[in-house]
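These notes concern the structure reproduced below.
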Amino acid sequence: MFRWFWAAATMLVASSAWADAVYISVTNRAFIGRGFPTVHVQILEPVAGFRLQLKRSDGKAVDIKGGGKPGQTRDLALVQPVGAFKYEGQLTINLPDGKTSEMPLGFDTAMFGPLEIKLEKKDVDLEQRSLTFRLTRPAAKAEVKVRMDTGDMAMNEEVLFNGAPAGTDLKVTWPKAPGKVMMIGLKATDTEAFFTGVDLFPWSIDIPHEEVNFDSGKSDIRPEEAPKLDKSLELITDAYSKYSQWADIKLYVLGFTDTVGGTDYNRTLSLNRARSMASYFRKRGLKAPIRYEGFGEQALEVPTPDETDEIRNRRARYILSVEDPVTDAPIRPRWQSL
């Protein structure tokens, strides 16, 4: 889950006392959803009104009229898209005696979008012990935590990126440590001191087991097959007890069939069988959250022609994982909770 933290951040970059009538200042930085760069006109002496005329560097014209009494400040928002712009123009003051005076203005502004971390599953390389990510704004640093499934921290350090431009590939690596990576915590900070973070849980394990045999077209657990599930349950329970102290682990039960029968029929059959095995584990006391799905013949262990009776394709997988596991099936799983 990605998180965006916002803090007030404005900068006074242009100011001038002028004719004792007004005082001009500019808030030249703003963040999307939190206002816009703004020209502040503080009225010090009586005026008949004023007019702000500016040309933005992309050609957009700004023309704002206003007025007020001494002691008031008029905030003139410069509505602009995300990005950096230059403004040039003038502020015209209408004085009570009918005279006008002009003050030339020139300043830069920046409108920032949300700070986001961009990464994909392929950006996590557990074999090379590395993570690559990108920020939507220039990067200052990142705090990286890597916890193993032994409970030990393989890394808990700050990595500097020295203002690397937005979109740059930012890579962090961690030292080798016993066990498997359970969690990678990433808190990235941009050059404006804004930060965002994400926690990744690439950990998962497959529970080895003996396949349960079902009657043709059926999903009921046959009494003689129950000892296979009991043995699997023992392994699942032991692993869950060992690792659940470090993360919120779930059991995923995946069902598969061979190519005998129609595609839709096989998917429904595999779903029902997965549900039966998941229900067996729950009824016998498994505390872990359970998700199940049927993949039918759409993720064959052994490629075969249609209508091929292949026992190796009539199988199941029991996966303990924090996040939904990745499968080779060409369908998107619709995990169901037991």
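So you can find residues: chains in the structure tokens are A, B, ... in the order shown, residues in each start at 1, and ligands are numbered from 1 in order.
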Please report, as a tab-separated table, each residue of stretch 239-282 of chain A lying at most 9 Å from stretch 192-216 of chain A, together with the nearest pair of atoms and the separation in Å rounded to one decimal; use only C-alpha atoms, and order rows by chain and ascending residue number.
```
residue	atom	partner	partner_atom	distance
A:Ala239	CA	A:Ile207	CA	8.7
A:Ala247	CA	A:Phe201	CA	8.4
A:Ile249	CA	A:Ser204	CA	8.8
A:Arg273	CA	A:Phe214	CA	8.3
A:Met277	CA	A:Val212	CA	8.9
```
Every residue of stretch 123-334 of chain A that DSSP places in strand (DSSP E), as number ranges by chain = A: 124-125, 130-135, 139-148, 153-164, 170-173, 181-190, 195-200, 204-206, 250-255, 290-294, 316-321
Write the residues you've just listed into a file as a compact mmCIF listing (two decimals), in the first residue's frame, and include C-alpha atoms for each of them.
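File again24.txt, as written:
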```
# COMPACT_ATOMS: atom_id res chain seq x y z
CA VAL A 124 12.26 -7.03 -6.58
CA ASP A 125 15.13 -9.46 -7.23
CA SER A 130 18.09 -5.91 -4.70
CA LEU A 131 15.13 -3.57 -5.12
CA THR A 132 14.78 -0.98 -7.88
CA PHE A 133 12.20 1.79 -7.69
CA ARG A 134 11.45 5.24 -9.06
CA LEU A 135 10.11 8.43 -7.50
CA ALA A 139 15.06 11.74 -4.74
CA ALA A 140 17.05 12.69 -1.66
CA LYS A 141 17.23 9.44 0.30
CA ALA A 142 15.47 6.25 1.32
CA GLU A 143 15.24 4.35 4.56
CA VAL A 144 15.34 0.62 3.81
CA LYS A 145 14.44 -2.22 6.15
CA VAL A 146 14.75 -5.87 5.16
CA ARG A 147 13.45 -8.46 7.61
CA MET A 148 14.10 -12.17 7.13
CA MET A 153 17.05 -7.65 10.06
CA ALA A 154 19.28 -8.07 7.01
CA MET A 155 19.27 -4.28 6.52
CA ASN A 156 18.11 -1.20 8.40
CA GLU A 157 19.91 1.70 6.78
CA GLU A 158 19.56 5.03 5.02
CA VAL A 159 20.60 5.23 1.37
CA LEU A 160 21.40 8.62 -0.21
CA PHE A 161 20.40 9.50 -3.79
CA ASN A 162 21.64 13.12 -3.87
CA GLY A 163 18.77 14.64 -5.81
CA ALA A 164 18.50 12.03 -8.58
CA LEU A 170 16.99 3.94 -7.79
CA LYS A 171 18.55 0.69 -6.63
CA VAL A 172 19.19 -0.61 -3.15
CA THR A 173 20.84 -3.89 -2.18
CA VAL A 181 13.07 -12.26 2.88
CA MET A 182 9.80 -11.70 4.72
CA MET A 183 9.38 -7.92 4.42
CA ILE A 184 10.99 -5.00 2.64
CA GLY A 185 10.12 -1.61 4.11
CA LEU A 186 10.85 1.43 1.96
CA LYS A 187 10.47 5.08 3.03
CA ALA A 188 11.61 7.47 0.30
CA THR A 189 12.15 11.20 0.74
CA ASP A 190 12.34 13.79 -2.02
CA PHE A 195 8.25 11.33 1.99
CA THR A 196 6.18 8.32 1.10
CA GLY A 197 6.50 4.66 1.94
CA VAL A 198 5.54 1.14 1.00
CA ASP A 199 5.92 -2.26 2.66
CA LEU A 200 6.50 -5.27 0.43
CA SER A 204 5.83 -17.31 0.38
CA ILE A 205 6.36 -21.03 0.77
CA ASP A 206 4.77 -24.07 -0.89
CA LYS A 250 -2.64 -16.55 4.84
CA LEU A 251 -3.07 -20.04 3.40
CA TYR A 252 -3.92 -20.21 -0.29
CA VAL A 253 -5.41 -23.45 -1.64
CA LEU A 254 -5.18 -23.81 -5.42
CA GLY A 255 -6.98 -26.52 -7.39
CA ILE A 290 -7.73 -19.20 4.11
CA ARG A 291 -8.24 -18.22 0.46
CA TYR A 292 -9.02 -20.65 -2.34
CA GLU A 293 -9.38 -20.65 -6.12
CA GLY A 294 -9.77 -23.14 -8.94
CA ALA A 316 -3.37 -28.85 -5.72
CA ARG A 317 -1.02 -26.31 -4.18
CA TYR A 318 -0.94 -25.15 -0.59
CA ILE A 319 0.85 -21.81 -0.35
CA LEU A 320 1.53 -19.79 2.76
CA SER A 321 1.95 -16.15 1.76
```
message = Considering only C-alpha atoms, can you say which of A:Pro178, A:Gly98, A:Thr27, A:Lys65 comes closest to A:Ala110?
response = A:Thr27
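With only C-alpha atoms as the basis for measurement, A:Phe112 is the residue among A:Phe281, A:Tyr240, A:Tyr23, A:Phe112 that approaches A:Arg137 most closely.
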query = Counting only C-alpha atoms, which of A:Thr237, A:Ser244, A:Gln90, A:Asn272 gets nearest to A:Val62?
reply =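 Nearest to A:Val62: A:Gln90.
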inquiry  = One number please: atom CA of A:Lys55 to atom CA of A:Thr109, in Å, one decimal.
reply    =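 Computing the Euclidean distance for atom CA of A:Lys55 and atom CA of A:Thr109 yields 12.6 Å.
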Skipping near chain neighbours, those fewer than 4 positions away, what residues fall within 8 Å of stretch 297-313 of chain A using only C-alpha atoms, listed as an mmCIF file with C-alpha atoms, in the first residue's frame?
```
data_model
loop_
_atom_site.group_PDB
_atom_site.id
_atom_site.type_symbol
_atom_site.label_atom_id
_atom_site.label_comp_id
_atom_site.auth_asym_id
_atom_site.auth_seq_id
_atom_site.Cartn_x
_atom_site.Cartn_y
_atom_site.Cartn_z
ATOM 1 C CA PHE A 256 -6.116 -27.791 -10.891
ATOM 2 C CA THR A 257 -7.457 -30.419 -13.322
ATOM 3 C CA ASP A 258 -6.352 -32.195 -16.472
ATOM 4 C CA THR A 259 -7.860 -31.442 -19.890
ATOM 5 C CA VAL A 260 -10.632 -34.039 -19.818
ATOM 6 C CA GLY A 261 -13.903 -32.109 -19.993
ATOM 7 C CA THR A 263 -12.782 -25.539 -19.725
ATOM 8 C CA ASN A 266 -12.993 -28.007 -15.111
ATOM 9 C CA ARG A 267 -12.563 -24.625 -13.524
ATOM 10 C CA ASP A 328 1.339 -19.025 -14.311
ATOM 11 C CA ALA A 329 -2.356 -19.208 -15.152
ATOM 12 C CA PRO A 330 -3.590 -16.941 -17.977
ATOM 13 C CA ILE A 331 -6.597 -16.016 -15.844
#
```
request  = Write out as a ChimeraX atom specification all residues of stretch 211-295 of chain A that backbone DSSP assigns to helix (DSSP H, G or I).
outcome  = /A:223-243,263-283
query = What does the distance between atom CA of A:Gln53 and atom CA of A:Ile93 come to in Å, to one decimal place?
reply =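 So the two atoms, atom CA of A:Gln53 and atom CA of A:Ile93, lie 11.4 Å apart.
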request  = Grab the atom CA of A:Arg51 to atom CA of A:Asp63 distance for me, in Å with one decimal place.
outcome  =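 Rounded to one decimal, the two atoms are 7.1 Å apart.
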request  = Would you mind telling me which residue in A:Trp335, A:Trp174, A:Phe36, A:Phe295 lies nearest to A:Pro81 when using only C-alpha atoms?
outcome  = A:Phe36
